[in-house]
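As provided, input_19.cif (mmCIF, C-alpha atoms) reads as follows.
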```cif
data_input
loop_
_atom_site.group_PDB
_atom_site.id
_atom_site.type_symbol
_atom_site.label_atom_id
_atom_site.label_comp_id
_atom_site.auth_asym_id
_atom_site.auth_seq_id
_atom_site.Cartn_x
_atom_site.Cartn_y
_atom_site.Cartn_z
ATOM 1 C CA THR R 4 101.029 127.602 108.010
ATOM 2 C CA GLY R 5 101.765 125.919 104.664
ATOM 3 C CA ARG R 6 103.102 127.975 101.757
ATOM 4 C CA GLY R 7 102.062 125.543 99.063
ATOM 5 C CA ILE R 8 104.720 125.382 96.343
ATOM 6 C CA PRO R 9 107.185 128.287 96.837
ATOM 7 C CA GLY R 10 107.919 130.127 93.610
ATOM 8 C CA LEU R 11 104.867 128.709 91.813
ATOM 9 C CA GLU R 12 102.078 130.393 93.830
ATOM 10 C CA GLN R 13 100.577 132.024 90.704
ATOM 11 C CA LEU R 14 100.259 128.572 89.082
ATOM 12 C CA HIS R 15 98.580 126.832 92.046
ATOM 13 C CA VAL R 16 95.163 126.535 90.344
ATOM 14 C CA TRP R 17 96.706 124.942 87.224
ATOM 15 C CA ILE R 18 98.997 122.663 89.233
ATOM 16 C CA SER R 19 95.976 121.481 91.238
ATOM 17 C CA ILE R 20 94.274 119.991 88.125
ATOM 18 C CA PRO R 21 96.602 116.954 87.650
ATOM 19 C CA PHE R 22 96.775 116.468 91.443
ATOM 20 C CA CYS R 23 92.980 116.490 91.730
ATOM 21 C CA PHE R 24 92.728 114.049 88.799
ATOM 22 C CA ALA R 25 95.343 111.733 90.377
ATOM 23 C CA TYR R 26 93.565 111.869 93.765
ATOM 24 C CA THR R 27 90.188 111.064 92.140
ATOM 25 C CA LEU R 28 91.795 108.099 90.326
ATOM 26 C CA ALA R 29 93.376 106.910 93.595
ATOM 27 C CA LEU R 30 90.026 107.082 95.441
ATOM 28 C CA LEU R 31 88.086 105.327 92.659
ATOM 29 C CA GLY R 32 90.749 102.678 92.012
ATOM 30 C CA ASN R 33 91.398 101.716 95.629
ATOM 31 C CA CYS R 34 87.708 101.771 96.637
ATOM 32 C CA THR R 35 86.926 99.551 93.611
ATOM 33 C CA LEU R 36 89.699 97.115 94.637
ATOM 34 C CA LEU R 37 88.391 96.931 98.213
ATOM 35 C CA PHE R 38 84.800 96.427 97.002
ATOM 36 C CA ILE R 39 85.769 93.641 94.541
ATOM 37 C CA ILE R 40 87.938 91.781 97.099
ATOM 38 C CA GLN R 41 85.213 92.022 99.750
ATOM 39 C CA ALA R 42 82.359 91.011 97.377
ATOM 40 C CA ASP R 43 84.028 88.040 95.639
ATOM 41 C CA ALA R 44 84.573 84.999 97.908
ATOM 42 C CA ALA R 45 87.016 83.562 95.324
ATOM 43 C CA LEU R 46 89.353 86.479 96.133
ATOM 44 C CA HIS R 47 89.453 85.714 99.869
ATOM 45 C CA GLU R 48 93.036 84.466 99.554
ATOM 46 C CA PRO R 49 96.306 85.697 101.131
ATOM 47 C CA MET R 50 97.468 87.619 98.044
ATOM 48 C CA TYR R 51 94.208 89.591 97.870
ATOM 49 C CA PHE R 52 94.049 90.218 101.629
ATOM 50 C CA PHE R 53 97.480 91.862 101.357
ATOM 51 C CA LEU R 54 96.272 93.785 98.295
ATOM 52 C CA ALA R 55 93.251 95.005 100.305
ATOM 53 C CA MET R 56 95.646 96.199 103.053
ATOM 54 C CA LEU R 57 97.706 98.047 100.418
ATOM 55 C CA ALA R 58 94.567 99.688 98.964
ATOM 56 C CA ALA R 59 93.365 100.797 102.432
ATOM 57 C CA ILE R 60 96.826 102.257 103.246
ATOM 58 C CA ASP R 61 96.924 104.076 99.882
ATOM 59 C CA LEU R 62 93.488 105.589 100.580
ATOM 60 C CA VAL R 63 94.628 106.915 103.976
ATOM 61 C CA LEU R 64 97.995 108.121 102.593
ATOM 62 C CA SER R 65 96.446 110.187 99.802
ATOM 63 C CA SER R 66 93.526 111.448 101.955
ATOM 64 C CA THR R 67 95.869 112.593 104.738
ATOM 65 C CA THR R 68 97.437 115.275 102.542
ATOM 66 C CA LEU R 69 95.529 115.888 99.295
ATOM 67 C CA PRO R 70 92.328 117.539 100.622
ATOM 68 C CA LYS R 71 94.355 120.113 102.607
ATOM 69 C CA MET R 72 96.742 120.593 99.664
ATOM 70 C CA LEU R 73 93.831 121.298 97.308
ATOM 71 C CA ALA R 74 92.406 123.755 99.875
ATOM 72 C CA ILE R 75 95.738 125.653 99.713
ATOM 73 C CA PHE R 76 95.690 125.640 95.891
ATOM 74 C CA TRP R 77 92.006 126.561 95.427
ATOM 75 C CA PHE R 78 91.013 128.655 98.457
ATOM 76 C CA ARG R 79 94.427 129.825 99.732
ATOM 77 C CA ASP R 80 93.518 128.175 103.032
ATOM 78 C CA ARG R 81 97.071 127.947 104.310
ATOM 79 C CA GLU R 82 96.323 127.774 108.017
ATOM 80 C CA ILE R 83 96.825 124.525 109.955
ATOM 81 C CA SER R 84 97.129 124.271 113.729
ATOM 82 C CA PHE R 85 100.393 123.023 115.240
ATOM 83 C CA TYR R 86 98.672 119.898 116.587
ATOM 84 C CA GLY R 87 96.838 119.390 113.286
ATOM 85 C CA CYS R 88 100.218 119.541 111.565
ATOM 86 C CA LEU R 89 101.669 116.922 113.950
ATOM 87 C CA VAL R 90 98.669 114.611 113.388
ATOM 88 C CA GLN R 91 99.021 114.935 109.592
ATOM 89 C CA MET R 92 102.754 114.215 109.831
ATOM 90 C CA PHE R 93 102.166 111.177 112.101
ATOM 91 C CA PHE R 94 99.585 109.626 109.727
ATOM 92 C CA LEU R 95 101.634 110.412 106.626
ATOM 93 C CA HIS R 96 104.863 108.799 107.843
ATOM 94 C CA SER R 97 103.355 105.907 109.802
ATOM 95 C CA PHE R 98 101.194 104.811 106.836
ATOM 96 C CA SER R 99 104.231 105.087 104.519
ATOM 97 C CA ILE R 100 106.034 102.658 106.854
ATOM 98 C CA MET R 101 102.965 100.350 106.842
ATOM 99 C CA GLU R 102 102.941 100.387 103.025
ATOM 100 C CA SER R 103 106.574 99.251 102.983
ATOM 101 C CA ALA R 104 105.725 96.417 105.418
ATOM 102 C CA VAL R 105 102.754 95.242 103.303
ATOM 103 C CA LEU R 106 104.917 95.197 100.146
ATOM 104 C CA LEU R 107 107.392 93.025 102.062
ATOM 105 C CA ALA R 108 104.540 90.727 103.170
ATOM 106 C CA MET R 109 103.418 90.455 99.524
ATOM 107 C CA ALA R 110 106.962 89.428 98.541
ATOM 108 C CA PHE R 111 106.798 86.714 101.229
ATOM 109 C CA ASP R 112 103.410 85.616 99.835
ATOM 110 C CA ARG R 113 104.888 85.252 96.316
ATOM 111 C CA TYR R 114 107.944 83.432 97.740
ATOM 112 C CA VAL R 115 105.754 80.820 99.512
ATOM 113 C CA ALA R 116 103.407 80.488 96.476
ATOM 114 C CA ILE R 117 106.281 79.790 94.045
ATOM 115 C CA CYS R 118 109.007 78.170 96.193
ATOM 116 C CA LYS R 119 106.775 76.169 98.583
ATOM 117 C CA PRO R 120 103.468 75.748 96.683
ATOM 118 C CA LEU R 121 102.385 72.635 98.608
ATOM 119 C CA HIS R 122 102.652 74.500 101.927
ATOM 120 C CA TYR R 123 100.978 77.716 100.729
ATOM 121 C CA THR R 124 97.594 77.224 102.419
ATOM 122 C CA THR R 125 99.112 75.807 105.631
ATOM 123 C CA VAL R 126 101.732 78.580 105.970
ATOM 124 C CA LEU R 127 99.703 81.645 104.974
ATOM 125 C CA THR R 128 96.676 81.085 107.198
ATOM 126 C CA ARG R 129 94.242 83.867 108.139
ATOM 127 C CA PRO R 130 95.630 84.116 111.719
ATOM 128 C CA LEU R 131 99.154 84.634 110.284
ATOM 129 C CA ILE R 132 97.902 87.285 107.821
ATOM 130 C CA THR R 133 96.171 89.076 110.733
ATOM 131 C CA LYS R 134 99.402 88.924 112.773
ATOM 132 C CA ILE R 135 101.415 90.309 109.830
ATOM 133 C CA GLY R 136 98.917 93.191 109.482
ATOM 134 C CA MET R 137 99.062 93.917 113.225
ATOM 135 C CA ALA R 138 102.883 93.761 113.196
ATOM 136 C CA ALA R 139 102.980 96.273 110.297
ATOM 137 C CA VAL R 140 100.767 98.689 112.263
ATOM 138 C CA ALA R 141 102.703 98.146 115.534
ATOM 139 C CA ARG R 142 106.088 98.770 113.858
ATOM 140 C CA ALA R 143 104.897 101.981 112.197
ATOM 141 C CA VAL R 144 103.237 103.358 115.340
ATOM 142 C CA THR R 145 106.255 102.464 117.529
ATOM 143 C CA LEU R 146 108.701 104.199 115.174
ATOM 144 C CA MET R 147 106.554 107.296 114.598
ATOM 145 C CA THR R 148 105.047 107.949 118.043
ATOM 146 C CA PRO R 149 108.214 109.655 119.445
ATOM 147 C CA LEU R 150 108.281 112.253 116.622
ATOM 148 C CA PRO R 151 105.230 114.395 117.578
ATOM 149 C CA PHE R 152 106.336 114.424 121.237
ATOM 150 C CA LEU R 153 109.879 115.469 120.263
ATOM 151 C CA LEU R 154 108.590 118.194 117.943
ATOM 152 C CA ARG R 155 106.275 119.512 120.680
ATOM 153 C CA ARG R 156 109.250 120.156 122.947
ATOM 154 C CA PHE R 157 111.249 122.133 120.367
ATOM 155 C CA HIS R 158 111.584 125.905 120.266
ATOM 156 C CA TYR R 159 110.748 127.311 116.853
ATOM 157 C CA CYS R 160 112.886 130.320 115.986
ATOM 158 C CA ARG R 161 112.520 130.301 112.192
ATOM 159 C CA GLY R 162 108.890 131.382 111.902
ATOM 160 C CA THR R 163 105.702 129.363 111.449
ATOM 161 C CA MET R 164 105.604 129.099 107.649
ATOM 162 C CA ILE R 165 106.405 125.640 106.227
ATOM 163 C CA ALA R 166 107.922 125.759 102.740
ATOM 164 C CA HIS R 167 105.782 122.789 101.668
ATOM 165 C CA CYS R 168 102.219 121.734 100.770
ATOM 166 C CA TYR R 169 101.862 119.412 103.759
ATOM 167 C CA CYS R 170 103.444 118.749 107.155
ATOM 168 C CA GLU R 171 106.377 116.613 106.166
ATOM 169 C CA HIS R 172 108.807 115.819 109.003
ATOM 170 C CA MET R 173 111.902 117.555 107.615
ATOM 171 C CA ALA R 174 109.890 120.635 106.567
ATOM 172 C CA VAL R 175 108.669 121.065 110.179
ATOM 173 C CA VAL R 176 112.120 120.312 111.670
ATOM 174 C CA ARG R 177 113.703 123.095 109.564
ATOM 175 C CA LEU R 178 111.713 125.668 111.566
ATOM 176 C CA ALA R 179 113.153 124.496 114.903
ATOM 177 C CA CYS R 180 116.247 125.991 116.565
ATOM 178 C CA ASP R 181 118.121 122.776 117.418
ATOM 179 C CA THR R 182 117.354 119.901 115.047
ATOM 180 C CA ARG R 183 120.319 117.542 115.345
ATOM 181 C CA PHE R 184 118.586 114.674 117.164
ATOM 182 C CA ASN R 185 115.475 114.807 114.977
ATOM 183 C CA ASN R 186 117.582 114.861 111.801
ATOM 184 C CA ILE R 187 119.496 111.776 112.976
ATOM 185 C CA TYR R 188 116.289 109.999 114.105
ATOM 186 C CA GLY R 189 114.482 110.749 110.822
ATOM 187 C CA ILE R 190 117.387 109.513 108.678
ATOM 188 C CA ALA R 191 117.875 106.408 110.888
ATOM 189 C CA VAL R 192 114.179 105.419 110.622
ATOM 190 C CA ALA R 193 114.117 106.002 106.833
ATOM 191 C CA MET R 194 117.285 103.947 106.314
ATOM 192 C CA PHE R 195 116.073 101.186 108.668
ATOM 193 C CA ILE R 196 112.738 100.860 106.851
ATOM 194 C CA VAL R 197 113.826 101.272 103.216
ATOM 195 C CA VAL R 198 117.089 99.305 103.441
ATOM 196 C CA LEU R 199 115.754 96.457 105.608
ATOM 197 C CA ASP R 200 112.455 96.002 103.747
ATOM 198 C CA LEU R 201 114.043 96.299 100.307
ATOM 199 C CA LEU R 202 116.795 93.866 101.292
ATOM 200 C CA PHE R 203 114.226 91.197 102.284
ATOM 201 C CA VAL R 204 112.151 91.884 99.139
ATOM 202 C CA ILE R 205 115.272 91.413 96.966
ATOM 203 C CA LEU R 206 116.170 88.215 98.871
ATOM 204 C CA SER R 207 112.634 86.859 98.269
ATOM 205 C CA TYR R 208 112.976 87.530 94.550
ATOM 206 C CA ILE R 209 116.402 85.862 94.369
ATOM 207 C CA PHE R 210 114.787 82.673 95.761
ATOM 208 C CA ILE R 211 111.745 83.119 93.468
ATOM 209 C CA LEU R 212 113.961 83.564 90.386
ATOM 210 C CA ARG R 213 115.972 80.482 91.305
ATOM 211 C CA ALA R 214 112.783 78.407 91.740
ATOM 212 C CA VAL R 215 111.291 79.707 88.461
ATOM 213 C CA LEU R 216 114.440 78.909 86.464
ATOM 214 C CA GLN R 217 114.337 75.325 87.777
ATOM 215 C CA LEU R 218 110.871 74.737 86.248
ATOM 216 C CA ALA R 219 110.916 72.350 83.296
ATOM 217 C CA SER R 220 108.852 74.152 80.656
ATOM 218 C CA GLN R 221 109.105 77.747 79.477
ATOM 219 C CA GLU R 222 105.323 78.101 79.744
ATOM 220 C CA ALA R 223 105.438 77.145 83.443
ATOM 221 C CA ARG R 224 108.213 79.727 84.002
ATOM 222 C CA TYR R 225 106.190 82.489 82.346
ATOM 223 C CA LYS R 226 103.087 81.548 84.338
ATOM 224 C CA ALA R 227 104.951 81.424 87.656
ATOM 225 C CA PHE R 228 106.751 84.723 87.126
ATOM 226 C CA GLY R 229 103.588 86.303 85.702
ATOM 227 C CA THR R 230 102.019 86.106 89.167
ATOM 228 C CA CYS R 231 104.825 88.394 90.447
ATOM 229 C CA VAL R 232 104.587 91.113 87.780
ATOM 230 C CA SER R 233 101.912 93.151 89.620
ATOM 231 C CA HIS R 234 103.871 93.041 92.869
ATOM 232 C CA ILE R 235 107.104 94.097 91.116
ATOM 233 C CA GLY R 236 105.149 96.979 89.551
ATOM 234 C CA ALA R 237 103.842 98.039 92.984
ATOM 235 C CA ILE R 238 107.382 97.938 94.452
ATOM 236 C CA LEU R 239 108.751 100.030 91.578
ATOM 237 C CA SER R 240 105.896 102.558 91.818
ATOM 238 C CA THR R 241 106.504 102.951 95.573
ATOM 239 C CA TYR R 242 110.287 102.927 95.851
ATOM 240 C CA THR R 243 111.413 104.529 92.551
ATOM 241 C CA PRO R 244 110.003 108.037 93.348
ATOM 242 C CA VAL R 245 111.459 107.798 96.893
ATOM 243 C CA VAL R 246 114.912 106.933 95.534
ATOM 244 C CA ILE R 247 114.702 109.682 92.853
ATOM 245 C CA SER R 248 113.666 112.236 95.507
ATOM 246 C CA SER R 249 116.500 111.169 97.849
ATOM 247 C CA VAL R 250 119.075 111.340 95.038
ATOM 248 C CA MET R 251 117.773 114.774 93.993
ATOM 249 C CA HIS R 252 118.168 116.043 97.570
ATOM 250 C CA ARG R 253 121.820 114.930 97.554
ATOM 251 C CA VAL R 254 122.768 115.737 93.934
ATOM 252 C CA ALA R 255 120.678 118.830 93.167
ATOM 253 C CA ARG R 256 120.836 120.697 96.474
ATOM 254 C CA ARG R 257 120.831 124.026 94.671
ATOM 255 C CA ALA R 258 117.737 123.172 92.626
ATOM 256 C CA ALA R 259 114.707 125.430 93.175
ATOM 257 C CA PRO R 260 112.605 124.379 96.234
ATOM 258 C CA HIS R 261 109.562 123.718 94.042
ATOM 259 C CA VAL R 262 111.463 120.899 92.238
ATOM 260 C CA HIS R 263 111.886 118.959 95.508
ATOM 261 C CA ILE R 264 108.306 119.715 96.620
ATOM 262 C CA LEU R 265 106.790 118.559 93.300
ATOM 263 C CA LEU R 266 108.851 115.344 93.557
ATOM 264 C CA ALA R 267 107.663 114.808 97.152
ATOM 265 C CA ILE R 268 104.010 115.227 96.057
ATOM 266 C CA PHE R 269 104.645 112.875 93.112
ATOM 267 C CA TYR R 270 105.964 110.062 95.323
ATOM 268 C CA LEU R 271 103.011 110.573 97.664
ATOM 269 C CA LEU R 272 100.378 110.480 94.893
ATOM 270 C CA PHE R 273 101.855 108.130 92.299
ATOM 271 C CA PRO R 274 101.640 104.749 94.165
ATOM 272 C CA PRO R 275 97.981 105.176 95.323
ATOM 273 C CA MET R 276 96.997 106.150 91.770
ATOM 274 C CA ILE R 277 98.978 103.508 89.850
ATOM 275 C CA ASN R 278 98.727 100.425 92.128
ATOM 276 C CA PRO R 279 95.000 99.731 91.416
ATOM 277 C CA ILE R 280 95.708 100.114 87.671
ATOM 278 C CA ILE R 281 98.656 97.668 87.848
ATOM 279 C CA TYR R 282 96.633 95.051 89.747
ATOM 280 C CA GLY R 283 93.476 95.697 87.720
ATOM 281 C CA VAL R 284 95.266 95.138 84.401
ATOM 282 C CA LYS R 285 97.551 92.256 85.432
ATOM 283 C CA THR R 286 95.298 90.224 87.774
ATOM 284 C CA LYS R 287 92.757 88.198 85.763
ATOM 285 C CA GLN R 288 90.201 87.772 88.576
ATOM 286 C CA ILE R 289 90.056 91.520 89.289
ATOM 287 C CA ARG R 290 90.036 92.416 85.579
ATOM 288 C CA ASP R 291 87.135 90.003 84.910
ATOM 289 C CA HIS R 292 85.194 91.396 87.879
ATOM 290 C CA VAL R 293 85.570 95.002 86.656
ATOM 291 C CA LEU R 294 84.509 93.989 83.119
ATOM 292 C CA ASN R 295 81.450 92.169 84.542
ATOM 293 C CA LEU R 296 80.449 95.295 86.481
ATOM 294 C CA PHE R 297 80.600 97.420 83.297
ATOM 295 C CA GLN R 298 78.664 94.802 81.267
ATOM 296 C CA ARG R 299 75.911 94.703 83.930
ATOM 297 C CA LYS R 300 75.574 98.493 83.752
ATOM 298 C CA LYS R 301 75.228 98.338 79.950
ATOM 299 C CA VAL R 302 72.531 95.671 80.212
#
```

Hey, can you dump this file as structure tokens for me?
Amino acid sequence: TGRGIPGLEQLHVWISIPFCFAYTLALLGNCTLLFIIQADAALHEPMYFFLAMLAAIDLVLSSTTLPKMLAIFWFRDREISFYGCLVQMFFLHSFSIMESAVLLAMAFDRYVAICKPLHYTTVLTRPLITKIGMAAVARAVTLMTPLPFLLRRFHYCRGTMIAHCYCEHMAVVRLACDTRFNNIYGIAVAMFIVVLDLLFVILSYIFILRAVLQLASQEARYKAFGTCVSHIGAILSTYTPVVISSVMHRVARRAAPHVHILLAIFYLLFPPMINPIIYGVKTKQIRDHVLNLFQRKKV
């Protein structure tokens, strides 16, 4: 059973309004991105294939938790089966890991485009993009598959009420009697993913920055780095809330539970909502396509 947001139960209906708005924006934005990339042959390039992967992951991530969360807020439907909870947790965490992998792949795409432009089409071929996508899925599934099986074997001596809006790993683990191994495994996976992926993203951008600064004209530098702005925005929108939430857990341990829960919902909802806006505004081809769609409707 999910409690929703402890301490703010009387405000659930009001709290649901911005969440519902953000979820609607995420659905519309990511579906529009997928439709534009699929419909326009000019966008069948590596950068946009990775963007399509990101949009699909964001759709699954937000749809895994938001409908059930809104059911808690609107209808007080707090019941979820144990296996339903495990499935939600598996999808939530495995797709978060996939998102991190796709952001890393997009950093690699920008690195090849700027540092090795002559080899771009020969390096980033469709078979390689497919392999990268499959590797992202395989890594996430491999790391997350043990968790539901481990949680199934636990004895739960702290009730059946999760102090959260959705089945997040640590919220479920807190109900178990002995949680040492799961705590260690959860922290190890999080550190492995965030630290390793971020490290390679930062390395890519060090090489990109070096290549950009070596360009002769200032205009060429702006143009080259301009192609990275959307990706940097996506990285910041994904990792900043995660870092803030992690710091809050360490620094503000005595803060009210609803503060941590609202932050957790924010970092789940913010990237799917903001990524289509970032790419829609900053990527000329996508922006032109959206404007054309609106102009056709007016005509």

Just the residues within 8 Å of region 131-136 of chain R, please, counting all atoms listed in the file, with nothing from its chain fewer than 4 positions along; format it as a PyMOL selection string.
-> chain R and resi 49+52-53+56+105+108+126-127+140

Have a look at CA of Lys285 (chain R) and CA of Phe228 (chain R) and let me know their distance in Å, one decimal.
-> 12.0 Å

Mind listing as a PDB file with C-alpha atoms, in the frame of the given file all residues within 12 Å of (107.8, 82.9, 96.9), counting only C-alpha atoms?
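Writing the result to point29.pdb gives the following:
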```pdb
ATOM      1  CA  MET R  50      97.468  87.619  98.044  1.00  0.00           C
ATOM      2  CA  LEU R 107     107.392  93.025 102.062  1.00  0.00           C
ATOM      3  CA  ALA R 108     104.540  90.727 103.170  1.00  0.00           C
ATOM      4  CA  MET R 109     103.418  90.455  99.524  1.00  0.00           C
ATOM      5  CA  ALA R 110     106.962  89.428  98.541  1.00  0.00           C
ATOM      6  CA  PHE R 111     106.798  86.714 101.229  1.00  0.00           C
ATOM      7  CA  ASP R 112     103.410  85.616  99.835  1.00  0.00           C
ATOM      8  CA  ARG R 113     104.888  85.252  96.316  1.00  0.00           C
ATOM      9  CA  TYR R 114     107.944  83.432  97.740  1.00  0.00           C
ATOM     10  CA  VAL R 115     105.754  80.820  99.512  1.00  0.00           C
ATOM     11  CA  ALA R 116     103.407  80.488  96.476  1.00  0.00           C
ATOM     12  CA  ILE R 117     106.281  79.790  94.045  1.00  0.00           C
ATOM     13  CA  CYS R 118     109.007  78.170  96.193  1.00  0.00           C
ATOM     14  CA  LYS R 119     106.775  76.169  98.583  1.00  0.00           C
ATOM     15  CA  PRO R 120     103.468  75.748  96.683  1.00  0.00           C
ATOM     16  CA  LEU R 121     102.385  72.635  98.608  1.00  0.00           C
ATOM     17  CA  HIS R 122     102.652  74.500 101.927  1.00  0.00           C
ATOM     18  CA  TYR R 123     100.978  77.716 100.729  1.00  0.00           C
ATOM     19  CA  VAL R 126     101.732  78.580 105.970  1.00  0.00           C
ATOM     20  CA  LEU R 127      99.703  81.645 104.974  1.00  0.00           C
ATOM     21  CA  PHE R 203     114.226  91.197 102.284  1.00  0.00           C
ATOM     22  CA  VAL R 204     112.151  91.884  99.139  1.00  0.00           C
ATOM     23  CA  ILE R 205     115.272  91.413  96.966  1.00  0.00           C
ATOM     24  CA  LEU R 206     116.170  88.215  98.871  1.00  0.00           C
ATOM     25  CA  SER R 207     112.634  86.859  98.269  1.00  0.00           C
ATOM     26  CA  TYR R 208     112.976  87.530  94.550  1.00  0.00           C
ATOM     27  CA  ILE R 209     116.402  85.862  94.369  1.00  0.00           C
ATOM     28  CA  PHE R 210     114.787  82.673  95.761  1.00  0.00           C
ATOM     29  CA  ILE R 211     111.745  83.119  93.468  1.00  0.00           C
ATOM     30  CA  LEU R 212     113.961  83.564  90.386  1.00  0.00           C
ATOM     31  CA  ARG R 213     115.972  80.482  91.305  1.00  0.00           C
ATOM     32  CA  ALA R 214     112.783  78.407  91.740  1.00  0.00           C
ATOM     33  CA  VAL R 215     111.291  79.707  88.461  1.00  0.00           C
ATOM     34  CA  ALA R 227     104.951  81.424  87.656  1.00  0.00           C
ATOM     35  CA  PHE R 228     106.751  84.723  87.126  1.00  0.00           C
ATOM     36  CA  THR R 230     102.019  86.106  89.167  1.00  0.00           C
ATOM     37  CA  CYS R 231     104.825  88.394  90.447  1.00  0.00           C
ATOM     38  CA  HIS R 234     103.871  93.041  92.869  1.00  0.00           C
TER      39      HIS R 234
END
```

Check the smallest atom-to-atom distance from each of R:Thr68, R:Asn278, R:Gln298, R:Thr286 to Glu102 (chain R) using only C-alpha atoms, then report the winner.
-> R:Asn278

Kindly indicate which residue among R:Phe297, R:Tyr282, R:Phe78, R:Phe22 lies nearest to Leu57 (chain R), using all atoms listed in the file for the distances.
->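 Closest to Leu57 (chain R), using all atoms listed in the file: R:Tyr282.
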
At most 12 Å from (102.4, 101.0, 113.4), file frame, only C-alpha atoms: which residues, as a count of residues only?
-> 28

For Ser84 (chain R), which of R:Thr163, R:Ser233, R:Asn186, R:Thr243 is the closest residue, counting only C-alpha atoms?
->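 With only C-alpha atoms as the atom set, the closest residue is R:Thr163.
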
So which residues touch Tyr270 (chain R) within 12 Å, counting all atoms listed in the file, skipping near sequence neighbours fewer than 6 positions away, as a list in words?
->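 The residues satisfying every condition are Phe22, Ala25, Asp61, Leu64, Ser65, Ser99, Leu239, Ser240, Thr241, Tyr242, Thr243, Pro244, Val245, Val246, Ile247, Ser248, Ser249, His263, Ile264, Met276 and Ile277 of chain R.
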
Proximity to Thr35 (chain R) - best of R:Leu62, R:His158, R:Ala174, R:His47, only C-alpha atoms |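 Looking at the shortest contact to Thr35 (chain R), the residue is R:Leu62.
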
N, CA, C and O atoms are what I want for region 127-138 of chain R; can you complete it accordingly and write them as a short mmCIF file (atom, residue, chain, number, x, y, z; two decimals), in the frame of the given file?
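Below is the file that was written, result_33.cif:
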```
data_model
loop_
_atom_site.label_atom_id
_atom_site.label_comp_id
_atom_site.auth_asym_id
_atom_site.auth_seq_id
_atom_site.Cartn_x
_atom_site.Cartn_y
_atom_site.Cartn_z
N LEU R 127 100.38 80.34 104.97
CA LEU R 127 99.70 81.64 104.97
C LEU R 127 98.23 81.50 105.38
O LEU R 127 97.32 81.64 104.58
N THR R 128 98.03 81.22 106.65
CA THR R 128 96.68 81.08 107.20
C THR R 128 96.14 82.47 107.56
O THR R 128 96.91 83.44 107.66
N ARG R 129 94.84 82.56 107.77
CA ARG R 129 94.24 83.87 108.14
C ARG R 129 94.81 84.43 109.44
O ARG R 129 95.06 85.64 109.53
N PRO R 130 95.01 83.57 110.49
CA PRO R 130 95.63 84.12 111.72
C PRO R 130 97.01 84.73 111.47
O PRO R 130 97.34 85.78 112.04
N LEU R 131 97.82 84.09 110.58
CA LEU R 131 99.15 84.63 110.28
C LEU R 131 99.03 85.97 109.54
O LEU R 131 99.77 86.91 109.83
N ILE R 132 98.11 86.04 108.58
CA ILE R 132 97.90 87.28 107.82
C ILE R 132 97.48 88.41 108.77
O ILE R 132 97.98 89.54 108.67
N THR R 133 96.60 88.09 109.72
CA THR R 133 96.17 89.08 110.73
C THR R 133 97.36 89.54 111.56
O THR R 133 97.53 90.74 111.81
N LYS R 134 98.20 88.58 111.98
CA LYS R 134 99.40 88.92 112.77
C LYS R 134 100.37 89.80 111.98
O LYS R 134 100.94 90.75 112.53
N ILE R 135 100.53 89.50 110.69
CA ILE R 135 101.42 90.31 109.83
C ILE R 135 100.88 91.74 109.74
O ILE R 135 101.64 92.71 109.87
N GLY R 136 99.56 91.87 109.54
CA GLY R 136 98.92 93.19 109.48
C GLY R 136 99.11 93.97 110.77
O GLY R 136 99.45 95.16 110.76
N MET R 137 98.90 93.28 111.91
CA MET R 137 99.06 93.92 113.22
C MET R 137 100.52 94.31 113.47
O MET R 137 100.80 95.38 114.04
N ALA R 138 101.46 93.46 113.04
CA ALA R 138 102.88 93.76 113.20
C ALA R 138 103.28 94.99 112.37
O ALA R 138 104.07 95.83 112.83
#
```
